[in-house]
Each structure stands twice: as C-alpha cells, then as structure tokens.
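File shown: data12.pdb (PDB, C-alpha atoms).
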```
MODEL        1
ATOM      1  CA  MET E 172       0.000   0.000   0.000
ATOM      2  CA  SER E 173       0.956   3.650  -0.291
ATOM      3  CA  ASP E 174       1.945   5.955   2.553
ATOM      4  CA  ALA E 175      -0.224   5.940   5.632
ATOM      5  CA  ILE E 176       0.923   9.416   6.606
ATOM      6  CA  VAL E 177      -1.604  12.069   7.586
ATOM      7  CA  GLY E 178      -2.065  14.396   4.646
ATOM      8  CA  SER E 179      -1.061  11.923   1.922
ATOM      9  CA  GLU E 180      -3.276  11.754  -1.130
ATOM     10  CA  LEU E 181      -4.601   8.405  -2.355
ATOM     11  CA  PRO E 182      -4.352   7.473  -6.044
ATOM     12  CA  THR E 183      -7.530   8.547  -7.823
ATOM     13  CA  VAL E 184     -10.071   6.445  -9.732
ATOM     14  CA  GLU E 185     -11.752   7.796 -12.871
ATOM     15  CA  MET E 186     -14.987   6.634 -14.485
ATOM     16  CA  THR E 187     -17.345   7.922 -17.154
ATOM     17  CA  SER E 188     -20.952   6.970 -16.450
ATOM     18  CA  THR E 189     -22.888   5.805 -19.508
ATOM     19  CA  LEU E 190     -26.206   4.025 -20.049
ATOM     20  CA  THR E 191     -24.121   0.829 -20.208
ATOM     21  CA  THR E 192     -22.469   1.405 -16.808
ATOM     22  CA  SER E 193     -25.892   2.271 -15.350
ATOM     23  CA  VAL E 194     -27.501  -0.899 -16.681
ATOM     24  CA  LEU E 195     -24.560  -3.024 -15.493
ATOM     25  CA  TYR E 196     -24.751  -1.486 -12.030
ATOM     26  CA  ALA E 197     -28.544  -1.883 -11.922
ATOM     27  CA  GLY E 198     -28.190  -5.590 -12.692
ATOM     28  CA  ALA E 199     -25.279  -6.132 -10.328
ATOM     29  CA  SER E 200     -26.843  -4.282  -7.380
ATOM     30  CA  GLY E 201     -30.497  -5.131  -7.981
ATOM     31  CA  ASP E 202     -31.458  -1.442  -7.963
ATOM     32  CA  MET E 203     -33.637  -1.295 -11.066
ATOM     33  CA  ASN E 204     -34.920   2.264 -10.630
ATOM     34  CA  PRO E 205     -35.370   3.460 -14.273
ATOM     35  CA  LEU E 206     -34.222   6.930 -13.175
ATOM     36  CA  HIS E 207     -30.735   5.585 -13.927
ATOM     37  CA  PHE E 208     -31.239   4.316 -17.487
ATOM     38  CA  ASP E 209     -34.624   5.347 -18.937
ATOM     39  CA  PRO E 210     -34.453   8.906 -20.321
ATOM     40  CA  GLU E 211     -38.233   9.160 -20.707
ATOM     41  CA  PHE E 212     -38.888   8.189 -17.086
ATOM     42  CA  ALA E 213     -36.010  10.361 -15.847
ATOM     43  CA  GLY E 214     -37.454  13.301 -17.768
ATOM     44  CA  GLU E 215     -40.447  13.230 -15.433
ATOM     45  CA  VAL E 216     -38.817  12.635 -12.046
ATOM     46  CA  SER E 217     -35.082  13.373 -12.181
ATOM     47  CA  PRO E 218     -33.696  16.417 -10.335
ATOM     48  CA  THR E 219     -31.661  17.119 -13.488
ATOM     49  CA  GLY E 220     -34.435  16.241 -15.950
ATOM     50  CA  ASP E 221     -32.283  13.411 -17.303
ATOM     51  CA  VAL E 222     -30.744  10.073 -16.312
ATOM     52  CA  ILE E 223     -28.304  10.106 -13.394
ATOM     53  CA  ALA E 224     -25.871   7.497 -12.071
ATOM     54  CA  HIS E 225     -26.785   5.393  -9.019
ATOM     55  CA  GLY E 226     -25.529   6.994  -5.816
ATOM     56  CA  MET E 227     -24.243   3.543  -4.864
ATOM     57  CA  PHE E 228     -22.215   3.392  -8.084
ATOM     58  CA  SER E 229     -20.340   6.505  -6.949
ATOM     59  CA  MET E 230     -19.932   5.024  -3.453
ATOM     60  CA  GLY E 231     -18.517   1.858  -5.007
ATOM     61  CA  LEU E 232     -15.923   3.917  -6.870
ATOM     62  CA  ALA E 233     -15.019   5.858  -3.719
ATOM     63  CA  SER E 234     -14.658   2.468  -2.035
ATOM     64  CA  ARG E 235     -12.252   1.422  -4.816
ATOM     65  CA  VAL E 236     -10.022   4.361  -3.863
ATOM     66  CA  LEU E 237      -9.871   2.987  -0.321
ATOM     67  CA  THR E 238      -9.485  -0.727  -1.143
ATOM     68  CA  ASP E 239      -6.839  -0.100  -3.830
ATOM     69  CA  TRP E 240      -4.828   1.879  -1.288
ATOM     70  CA  ALA E 241      -5.445  -0.349   1.748
ATOM     71  CA  GLY E 242      -4.537  -3.562  -0.093
ATOM     72  CA  GLY E 243      -8.005  -5.073  -0.461
ATOM     73  CA  PRO E 244     -11.496  -5.209   0.975
ATOM     74  CA  ASP E 245     -10.709  -7.080   4.201
ATOM     75  CA  ALA E 246      -8.927  -4.006   5.598
ATOM     76  CA  VAL E 247     -12.001  -1.789   5.193
ATOM     77  CA  ARG E 248     -13.967  -1.261   8.421
ATOM     78  CA  SER E 249     -16.481   1.448   7.531
ATOM     79  CA  LEU E 250     -17.562   3.882   4.847
ATOM     80  CA  GLU E 251     -19.955   6.796   5.092
ATOM     81  CA  VAL E 252     -20.825   9.077   2.186
ATOM     82  CA  ARG E 253     -23.274  11.802   1.260
ATOM     83  CA  PHE E 254     -24.530  12.064  -2.314
ATOM     84  CA  THR E 255     -24.197  15.837  -2.548
ATOM     85  CA  LYS E 256     -25.198  16.382  -6.212
ATOM     86  CA  PRO E 257     -26.479  14.147  -9.021
ATOM     87  CA  TRP E 258     -23.888  12.584 -11.345
ATOM     88  CA  PRO E 259     -25.365  12.945 -14.859
ATOM     89  CA  VAL E 260     -25.037   9.901 -17.120
ATOM     90  CA  GLY E 261     -22.546  10.763 -19.854
ATOM     91  CA  GLU E 262     -20.193  12.686 -17.551
ATOM     92  CA  ALA E 263     -16.716  11.683 -16.373
ATOM     93  CA  ALA E 264     -16.099  11.668 -12.625
ATOM     94  CA  GLU E 265     -12.990  11.438 -10.519
ATOM     95  CA  PHE E 266     -12.755   9.922  -7.022
ATOM     96  CA  GLY E 267      -9.982  10.415  -4.506
ATOM     97  CA  GLY E 268      -9.085  10.683  -0.861
ATOM     98  CA  THR E 269      -6.743  12.092   1.757
ATOM     99  CA  VAL E 270      -5.440  10.403   4.916
ATOM    100  CA  LYS E 271      -6.860  12.385   7.838
ATOM    101  CA  ASP E 272      -5.814  10.340  10.851
ATOM    102  CA  VAL E 273      -3.865   7.234  11.829
ATOM    103  CA  THR E 274      -4.598   5.870  15.313
ATOM    104  CA  ASP E 275      -3.944   2.381  16.713
ATOM    105  CA  GLY E 276      -3.345   0.908  13.255
ATOM    106  CA  VAL E 277      -6.547   2.310  11.742
ATOM    107  CA  ALA E 278      -6.448   4.997   9.052
ATOM    108  CA  THR E 279      -9.308   7.445   8.565
ATOM    109  CA  VAL E 280      -9.530   8.682   4.985
ATOM    110  CA  GLN E 281     -11.602  11.579   3.703
ATOM    111  CA  LEU E 282     -13.143  10.675   0.335
ATOM    112  CA  TRP E 283     -14.574  12.762  -2.484
ATOM    113  CA  GLY E 284     -16.070  12.410  -5.943
ATOM    114  CA  ARG E 285     -16.162  15.215  -8.496
ATOM    115  CA  VAL E 286     -17.670  15.844 -11.924
ATOM    116  CA  GLY E 287     -15.599  18.754 -13.146
ATOM    117  CA  ASP E 288     -15.827  21.268 -10.293
ATOM    118  CA  VAL E 289     -19.037  19.804  -8.882
ATOM    119  CA  VAL E 290     -18.696  17.615  -5.777
ATOM    120  CA  VAL E 291     -21.079  14.670  -6.219
ATOM    121  CA  LEU E 292     -19.924  12.652  -3.206
ATOM    122  CA  ARG E 293     -18.278  13.507   0.084
ATOM    123  CA  GLY E 294     -17.477  11.127   2.901
ATOM    124  CA  SER E 295     -14.980   9.162   4.887
ATOM    125  CA  GLY E 296     -13.806   5.627   5.447
ATOM    126  CA  THR E 297     -11.697   3.673   7.891
ATOM    127  CA  ALA E 298      -9.249   0.873   7.089
ATOM    128  CA  ALA E 299      -6.931  -1.286   9.193
ATOM    129  CA  LEU E 300      -3.268  -0.895   8.296
ATOM    130  CA  PRO E 301      -1.014  -3.939   7.921
ATOM    131  CA  ALA E 302       0.645  -4.764  11.265
TER     132      ALA E 302
ATOM    133  CA  MET Y 293     -49.042  12.222   3.973
ATOM    134  CA  ALA Y 294     -46.125  12.146   6.395
ATOM    135  CA  VAL Y 295     -44.121   9.156   7.543
ATOM    136  CA  ASP Y 296     -45.201   7.892  10.979
ATOM    137  CA  ALA Y 297     -42.342   8.930  13.314
ATOM    138  CA  GLU Y 298     -43.791   6.893  16.182
ATOM    139  CA  LEU Y 299     -42.835   3.695  14.395
ATOM    140  CA  ALA Y 300     -39.089   4.437  14.851
ATOM    141  CA  GLY Y 301     -37.320   1.227  15.792
ATOM    142  CA  ARG Y 302     -39.847  -1.080  14.103
ATOM    143  CA  GLU Y 303     -38.139  -4.272  12.907
ATOM    144  CA  TYR Y 304     -39.208  -6.311   9.906
ATOM    145  CA  PRO Y 305     -38.898 -10.066   9.328
ATOM    146  CA  SER Y 306     -35.379 -11.273   8.507
ATOM    147  CA  TYR Y 307     -34.502 -12.538   5.044
ATOM    148  CA  THR Y 308     -31.580 -14.675   3.941
ATOM    149  CA  TYR Y 309     -29.092 -13.901   1.208
ATOM    150  CA  GLU Y 310     -26.699 -16.469  -0.215
ATOM    151  CA  VAL Y 311     -23.507 -14.945  -1.621
ATOM    152  CA  SER Y 312     -22.453 -16.329  -5.003
ATOM    153  CA  ARG Y 313     -19.137 -16.129  -6.805
ATOM    154  CA  GLU Y 314     -20.825 -15.103 -10.057
ATOM    155  CA  LYS Y 315     -22.701 -12.235  -8.406
ATOM    156  CA  ILE Y 316     -19.471 -10.953  -6.802
ATOM    157  CA  ARG Y 317     -17.820 -11.091 -10.242
ATOM    158  CA  GLU Y 318     -20.724  -9.242 -11.850
ATOM    159  CA  TYR Y 319     -20.646  -6.544  -9.172
ATOM    160  CA  ALA Y 320     -16.862  -6.088  -9.412
ATOM    161  CA  THR Y 321     -17.135  -5.865 -13.205
ATOM    162  CA  ALA Y 322     -19.763  -3.121 -12.943
ATOM    163  CA  LEU Y 323     -17.345  -1.050 -10.829
ATOM    164  CA  GLY Y 324     -14.373  -1.647 -13.142
ATOM    165  CA  GLU Y 325     -12.513  -3.451 -10.348
ATOM    166  CA  THR Y 326      -9.155  -5.064 -11.140
ATOM    167  CA  ASP Y 327      -8.323  -6.881  -7.850
ATOM    168  CA  PRO Y 328      -7.987 -10.560  -8.934
ATOM    169  CA  ARG Y 329      -9.569 -11.787  -5.678
ATOM    170  CA  TYR Y 330     -12.970 -10.525  -6.870
ATOM    171  CA  PHE Y 331     -12.671 -12.769  -9.941
ATOM    172  CA  SER Y 332     -10.983 -15.764  -8.318
ATOM    173  CA  ASP Y 333     -12.210 -19.364  -8.582
ATOM    174  CA  GLY Y 334     -10.350 -20.178  -5.364
ATOM    175  CA  ASP Y 335     -10.754 -19.779  -1.614
ATOM    176  CA  ASP Y 336      -9.291 -16.280  -1.739
ATOM    177  CA  CYS Y 337     -12.408 -14.913  -3.464
ATOM    178  CA  VAL Y 338     -13.998 -12.058  -1.508
ATOM    179  CA  ALA Y 339     -16.598  -9.398  -2.335
ATOM    180  CA  PRO Y 340     -15.869  -5.689  -2.775
ATOM    181  CA  PRO Y 341     -17.115  -3.875   0.361
ATOM    182  CA  THR Y 342     -20.029  -2.124  -1.346
ATOM    183  CA  PHE Y 343     -21.276  -5.457  -2.733
ATOM    184  CA  ALA Y 344     -23.413  -5.051   0.408
ATOM    185  CA  ALA Y 345     -25.640  -2.875  -1.800
ATOM    186  CA  ALA Y 346     -26.787  -6.044  -3.585
ATOM    187  CA  PHE Y 347     -28.427  -7.409  -0.422
ATOM    188  CA  THR Y 348     -29.244  -4.316   1.653
ATOM    189  CA  ILE Y 349     -30.675  -1.581  -0.579
ATOM    190  CA  THR Y 350     -33.572  -3.032  -2.581
ATOM    191  CA  LYS Y 351     -34.168  -6.150  -0.458
ATOM    192  CA  GLY Y 352     -33.697  -4.256   2.802
ATOM    193  CA  GLY Y 353     -35.980  -1.409   1.786
ATOM    194  CA  ALA Y 354     -38.811  -3.528   0.361
ATOM    195  CA  PRO Y 355     -40.576  -4.358   3.658
ATOM    196  CA  LEU Y 356     -40.503  -0.691   4.721
ATOM    197  CA  PHE Y 357     -42.009   0.429   1.427
ATOM    198  CA  GLY Y 358     -44.576  -2.341   1.791
ATOM    199  CA  ASP Y 359     -45.614  -1.204   5.279
ATOM    200  CA  GLU Y 360     -48.696   0.960   4.715
ATOM    201  CA  GLU Y 361     -48.677   2.156   8.338
ATOM    202  CA  LEU Y 362     -45.217   3.634   7.817
ATOM    203  CA  GLY Y 363     -46.351   5.716   4.843
ATOM    204  CA  LEU Y 364     -43.263   5.866   2.597
ATOM    205  CA  HIS Y 365     -43.566   6.975  -1.039
ATOM    206  CA  TRP Y 366     -41.365   6.829  -4.123
ATOM    207  CA  ASN Y 367     -40.643  10.516  -4.802
ATOM    208  CA  LEU Y 368     -37.175  10.227  -3.299
ATOM    209  CA  VAL Y 369     -33.406  10.230  -3.623
ATOM    210  CA  HIS Y 370     -30.721   8.294  -1.759
ATOM    211  CA  GLY Y 371     -29.220  11.023   0.441
ATOM    212  CA  SER Y 372     -26.439   9.246   2.274
ATOM    213  CA  GLN Y 373     -25.173   5.783   3.105
ATOM    214  CA  ARG Y 374     -23.089   4.278   5.888
ATOM    215  CA  TYR Y 375     -21.673   0.746   6.088
ATOM    216  CA  GLU Y 376     -19.923  -0.850   9.049
ATOM    217  CA  TRP Y 377     -18.258  -4.162   8.253
ATOM    218  CA  GLY Y 378     -17.452  -7.118  10.420
ATOM    219  CA  ARG Y 379     -16.232 -10.144   8.423
ATOM    220  CA  HIS Y 380     -16.364  -9.407   4.678
ATOM    221  CA  VAL Y 381     -18.496 -11.783   2.634
ATOM    222  CA  ARG Y 382     -17.271 -14.669   0.485
ATOM    223  CA  PRO Y 383     -18.930 -17.120  -1.935
ATOM    224  CA  GLY Y 384     -21.222 -19.546  -0.136
ATOM    225  CA  ASP Y 385     -21.829 -17.307   2.871
ATOM    226  CA  VAL Y 386     -25.470 -17.356   3.933
ATOM    227  CA  LEU Y 387     -26.450 -14.090   5.575
ATOM    228  CA  THR Y 388     -29.437 -13.332   7.763
ATOM    229  CA  CYS Y 389     -30.506  -9.725   7.254
ATOM    230  CA  THR Y 390     -32.911  -7.804   9.474
ATOM    231  CA  PRO Y 391     -34.369  -4.478   8.259
ATOM    232  CA  ARG Y 392     -35.375  -1.769  10.718
ATOM    233  CA  PHE Y 393     -36.967   1.661  10.425
ATOM    234  CA  GLY Y 394     -34.469   3.940  12.189
ATOM    235  CA  GLY Y 395     -36.617   7.075  12.299
ATOM    236  CA  VAL Y 396     -37.615  10.182  10.354
ATOM    237  CA  THR Y 397     -36.516  13.825  10.549
ATOM    238  CA  PRO Y 398     -38.397  16.593   8.716
ATOM    239  CA  ARG Y 399     -36.199  19.233   7.045
ATOM    240  CA  GLY Y 400     -37.776  21.944   4.929
ATOM    241  CA  GLY Y 401     -40.697  20.268   3.181
ATOM    242  CA  ASN Y 402     -38.817  16.961   2.948
ATOM    243  CA  GLU Y 403     -38.430  13.950   5.217
ATOM    244  CA  PHE Y 404     -35.104  12.240   5.946
ATOM    245  CA  VAL Y 405     -35.830   8.577   6.605
ATOM    246  CA  SER Y 406     -33.258   6.278   8.196
ATOM    247  CA  MET Y 407     -33.402   2.666   6.946
ATOM    248  CA  GLU Y 408     -31.145   0.146   8.671
ATOM    249  CA  VAL Y 409     -30.256  -3.449   7.835
ATOM    250  CA  GLU Y 410     -28.071  -5.688   9.997
ATOM    251  CA  CYS Y 411     -26.605  -8.718   8.207
ATOM    252  CA  LEU Y 412     -25.134 -11.599  10.217
ATOM    253  CA  HIS Y 413     -23.093 -14.614   9.145
ATOM    254  CA  ALA Y 414     -24.386 -18.110   9.948
ATOM    255  CA  ASP Y 415     -22.124 -18.190  13.043
ATOM    256  CA  GLY Y 416     -23.680 -14.957  14.321
ATOM    257  CA  ASP Y 417     -20.711 -12.704  13.479
ATOM    258  CA  LEU Y 418     -21.503  -9.357  11.912
ATOM    259  CA  ALA Y 419     -21.098  -9.222   8.129
ATOM    260  CA  VAL Y 420     -22.259  -5.654   7.637
ATOM    261  CA  ARG Y 421     -24.579  -3.046   9.093
ATOM    262  CA  SER Y 422     -26.187  -0.675   6.578
ATOM    263  CA  ILE Y 423     -27.645   2.727   7.450
ATOM    264  CA  ALA Y 424     -29.262   4.479   4.503
ATOM    265  CA  THR Y 425     -30.781   7.933   4.605
ATOM    266  CA  ILE Y 426     -33.515   8.370   2.022
ATOM    267  CA  VAL Y 427     -34.849  11.853   1.278
ATOM    268  CA  LEU Y 428     -38.598  11.855   0.574
ATOM    269  CA  PHE Y 429     -39.610  15.013  -1.241
ATOM    270  CA  GLY Y 430     -42.535  17.186  -0.233
ATOM    271  CA  SER Y 431     -44.248  15.017   2.370
ATOM    272  CA  ALA Y 432     -43.089  16.629   5.650
ATOM    273  CA  PRO Y 433     -45.917  17.693   7.964
ATOM    274  CA  GLN Y 434     -46.802  21.366   7.487
ATOM    275  CA  PRO Y 435     -46.218  23.616  10.514
ATOM    276  CA  GLN Y 436     -49.459  24.268  12.420
ATOM    277  CA  GLU Y 437     -50.834  27.792  12.115
ATOM    278  CA  ALA Y 438     -51.120  29.500  15.522
ATOM    279  CA  SER Y 439     -54.794  30.014  16.323
TER     280      SER Y 439
ENDMDL
END
```

Would you mind writing the structure in this file as structure tokens?
Amino acid sequence: MSDAIVGSELPTVEMTSTLTTSVLYAGASGDMNPLHFDPEFAGEVSPTGDVIAHGMFSMGLASRVLTDWAGGPDAVRSLEVRFTKPWPVGEAAEFGGTVKDVTDGVATVQLWGRVGDVVVLRGSGTAALPA
Amino acid sequence: MAVDAELAGREYPSYTYEVSREKIREYATALGETDPRYFSDGDDCVAPPTFAAAFTITKGGAPLFGDEELGLHWNLVHGSQRYEWGRHVRPGDVLTCTPRFGGVTPRGGNEFVSMEVECLHADGDLAVRSIATIVLFGSAPQPQEAS
C-alpha cells in the first residue's frame, strides 16, 4: 500500500458513467430504478431532468479508492458518504481521498467524488493498516 | 401524507441472502474493479465492500415500502449511506438480514428517513450493518398555524 501518513493523497479512480455502466450497475446491485437508465422516465422525475448514475455506483468507486490503497477489501472497516449532487449519465467523474488520521493501526480517509468542479460525493472511510 | 415517526425502531422479518461467486464477479465488473480476488475461482475470493448494496438496498428497503402504516412513497433520492463491516463476505456465505426503520426527521418540506439493515453470518458474526438515509420530497408535515 501507499503511505499511511496524515495528509497523503490516495491514487484517484476515474470513471465515465454511460447508459451501459448504469444498466450493469442496476443488474449487479439489484437497484432497477429506471431513473438511472430510462431517459423518458427520468425526464419526469429526475432532479436534473435526465438520467443520473446510481448513488451507490459513486460510493462503489469511492470504495475502490480505499481498497486499492489499503490492499483489499478485508482491511475496510467502515464507509460513510453523502450524495451531494447528481452525477449525470454521460459525464466523467474522478474519485480520490486524503489520509486524515492514523490511530492504533486504523487509518481514517476523507473521500470525495467530483464531476468537473461539482462535488457529487463527500465522505470518509476507515481501514486497518497492515501490522 | 407524512411518515409515521412513532414507528421508529420497528423491525421487519429477517430474510436470507446467499452470496455467489458469479454475483461478486458481476458486481466487481460493474465497478471496473481489477483486484484478482474478486474474480478468483479459489478460496481467496472475496466481495468488494459495497457489494453489500446487492443485499441491503432493494431487499432491505422492500418491507418498509410495503408497510402501509409507515407511509413511505417513491418521490425520493438516496441522500447518504453508511456501512460498518465485520467479516467481509465470500462465496457460499449465507447471511441473515434484518431491516429496521431507524426514524424520520423533517427538514424543509422533505423527510429524511433512516433505513437500517443488519446482516449476520451463519455463526452470528456481523457481516455488515447498513444505514441508509432516504430523502422523501414534499411530504413533511406542514407547521401548524397558531390560532
């Protein structure tokens, strides 16, 4: 894993959401809300007037930032995120994090997701460091 | 029609979820994961942490949406999500998941509903605890006019 030093930045993860990624995530997660892949339905109910990525898809990508850095899923203890703005389908997003604290072998990492300058996800996670 | 705040803490019947290797693979593929353990045919196979979504979000929410006394509706967004993991899940694990209505907080005209699901391994160890906050638009009780 990379440095577990307070203030270090974690390697980022990039993803462009498309109708294909939305349909794959719908099938994989079981969340079949057509808001994420049906433009006609989204036109009636979406906060943006168009299809948006699953919030959980963005959380999964923020989780990738943490697992890639921590050396795998077993290290991850908790994750908590807020979906601050919709992520429009068709847009590229970037996810990253910063080490905020290291105490008793557990790192606390602040996580973010951005579409351009817009923050779509904000949160934090904890992971056990290798002994 | 507002959500019934007095039902905070109401538990719903447990359901089981059997973790499969193929479903882990499908989930990891959807996230563009590259860790070979998510795609392994061996004993080292493990699920990405947020694979928990596959057995807590739709399945965990269904009994709450089906509870007419609770009064949820579908004009909503997923506002926030917390997961606390115990032992991460692997193929063949059979989980027992118990949904619970955590409570409701009005804010503006909207209602912030807390939906919880606790998922245990067959030996009773915690697999994951999910706390979702769902924002229901427009249904918060209106302030009473002073008379």

Within 7 Å of chain Y, which residues of chain E are there when counting all atoms listed in the file? Please give them as a list in words.
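Within 7 Å of chain Y on chain E, we get Thr192, Leu195, Tyr196, Ala199, Ser200, Gly201, Asp202, Gly226, Gly231, Leu232, Pro244, Asp245, Arg248, Ser249, Leu250, Glu251, Val252, Arg253 and Phe254 of chain E.
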
So how many Å separate atom CA of E:Ala299 and atom CA of Y:Ala414, to one decimal?
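About the pair atom CA of E:Ala299 and atom CA of Y:Ala414: they are 24.3 Å apart.
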
Here atom CA of E:Thr238 and atom CA of E:Pro205 stand apart by 29.3 Å

Nearest residue to E:Pro259 out of E:Ala197, E:Ser217, E:Thr191, E:Val177, using all atoms listed in the file?
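Nearest to E:Pro259: E:Ser217.
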
Between atom CA of E:Gly294 and atom CA of E:Val270 - distance in Å to one decimal
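The value is 12.2 Å.
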
With the PyMOL selection byres ((chain E and resi 207) around 9) as the selection, what would be picked from this file? Answer as a PyMOL selection string, please.
chain E and resi 190+193-194+197+203-206+208-210+213+221-225+260

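Those residues that approach Y:Phe393 to within 10 Å, counting only C-alpha atoms, are Ala297, Leu299, Ala300, Gly301, Arg302, Glu303, Tyr304, Gly353, Pro355, Leu356, Leu362, Val405, Ser406, Met407, Glu408, Val409 and Ile423 of chain Y; same-chain residues fewer than 5 positions away are not listed.
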
Using the partial input, fill out stretch 267-283 of chain E with N, CA and C atoms; write the result as a JSON list (two decimals), keeping the file's coordinate frame.
```
[["chain", "number", "residue", "atom", "x", "y", "z"],
["E", 267, "GLY", "N", -11.27, 10.42, -5.18],
["E", 267, "GLY", "CA", -9.98, 10.42, -4.51],
["E", 267, "GLY", "C", -10.16, 10.53, -3.01],
["E", 268, "GLY", "N", -9.03, 10.60, -2.31],
["E", 268, "GLY", "CA", -9.09, 10.68, -0.86],
["E", 268, "GLY", "C", -7.79, 11.20, -0.27],
["E", 269, "THR", "N", -7.88, 11.58, 1.01],
["E", 269, "THR", "CA", -6.74, 12.09, 1.76],
["E", 269, "THR", "C", -6.73, 11.43, 3.13],
["E", 270, "VAL", "N", -5.56, 10.99, 3.58],
["E", 270, "VAL", "CA", -5.44, 10.40, 4.92],
["E", 270, "VAL", "C", -5.60, 11.52, 5.95],
["E", 271, "LYS", "N", -6.58, 11.35, 6.84],
["E", 271, "LYS", "CA", -6.86, 12.38, 7.84],
["E", 271, "LYS", "C", -6.32, 12.04, 9.22],
["E", 272, "ASP", "N", -6.22, 10.74, 9.50],
["E", 272, "ASP", "CA", -5.81, 10.34, 10.85],
["E", 272, "ASP", "C", -5.30, 8.90, 10.81],
["E", 273, "VAL", "N", -4.31, 8.62, 11.64],
["E", 273, "VAL", "CA", -3.86, 7.23, 11.83],
["E", 273, "VAL", "C", -3.74, 7.01, 13.33],
["E", 274, "THR", "N", -4.59, 6.14, 13.87],
["E", 274, "THR", "CA", -4.60, 5.87, 15.31],
["E", 274, "THR", "C", -4.75, 4.37, 15.55],
["E", 275, "ASP", "N", -3.86, 3.80, 16.34],
["E", 275, "ASP", "CA", -3.94, 2.38, 16.71],
["E", 275, "ASP", "C", -4.10, 1.48, 15.49],
["E", 276, "GLY", "N", -3.35, 1.77, 14.43],
["E", 276, "GLY", "CA", -3.34, 0.91, 13.26],
["E", 276, "GLY", "C", -4.56, 1.06, 12.36],
["E", 277, "VAL", "N", -5.38, 2.07, 12.60],
["E", 277, "VAL", "CA", -6.55, 2.31, 11.74],
["E", 277, "VAL", "C", -6.43, 3.70, 11.11],
["E", 278, "ALA", "N", -6.51, 3.73, 9.78],
["E", 278, "ALA", "CA", -6.45, 5.00, 9.05],
["E", 278, "ALA", "C", -7.85, 5.50, 8.77],
["E", 279, "THR", "N", -8.06, 6.80, 8.97],
["E", 279, "THR", "CA", -9.31, 7.44, 8.56],
["E", 279, "THR", "C", -9.01, 8.29, 7.33],
["E", 280, "VAL", "N", -9.77, 8.04, 6.27],
["E", 280, "VAL", "CA", -9.53, 8.68, 4.99],
["E", 280, "VAL", "C", -10.75, 9.49, 4.59],
["E", 281, "GLN", "N", -10.52, 10.75, 4.23],
["E", 281, "GLN", "CA", -11.60, 11.58, 3.70],
["E", 281, "GLN", "C", -11.71, 11.29, 2.21],
["E", 282, "LEU", "N", -12.93, 11.07, 1.73],
["E", 282, "LEU", "CA", -13.14, 10.68, 0.34],
["E", 282, "LEU", "C", -14.00, 11.70, -0.40],
["E", 283, "TRP", "N", -13.78, 11.82, -1.68],
["E", 283, "TRP", "CA", -14.57, 12.76, -2.48],
["E", 283, "TRP", "C", -14.78, 12.20, -3.89]]
```
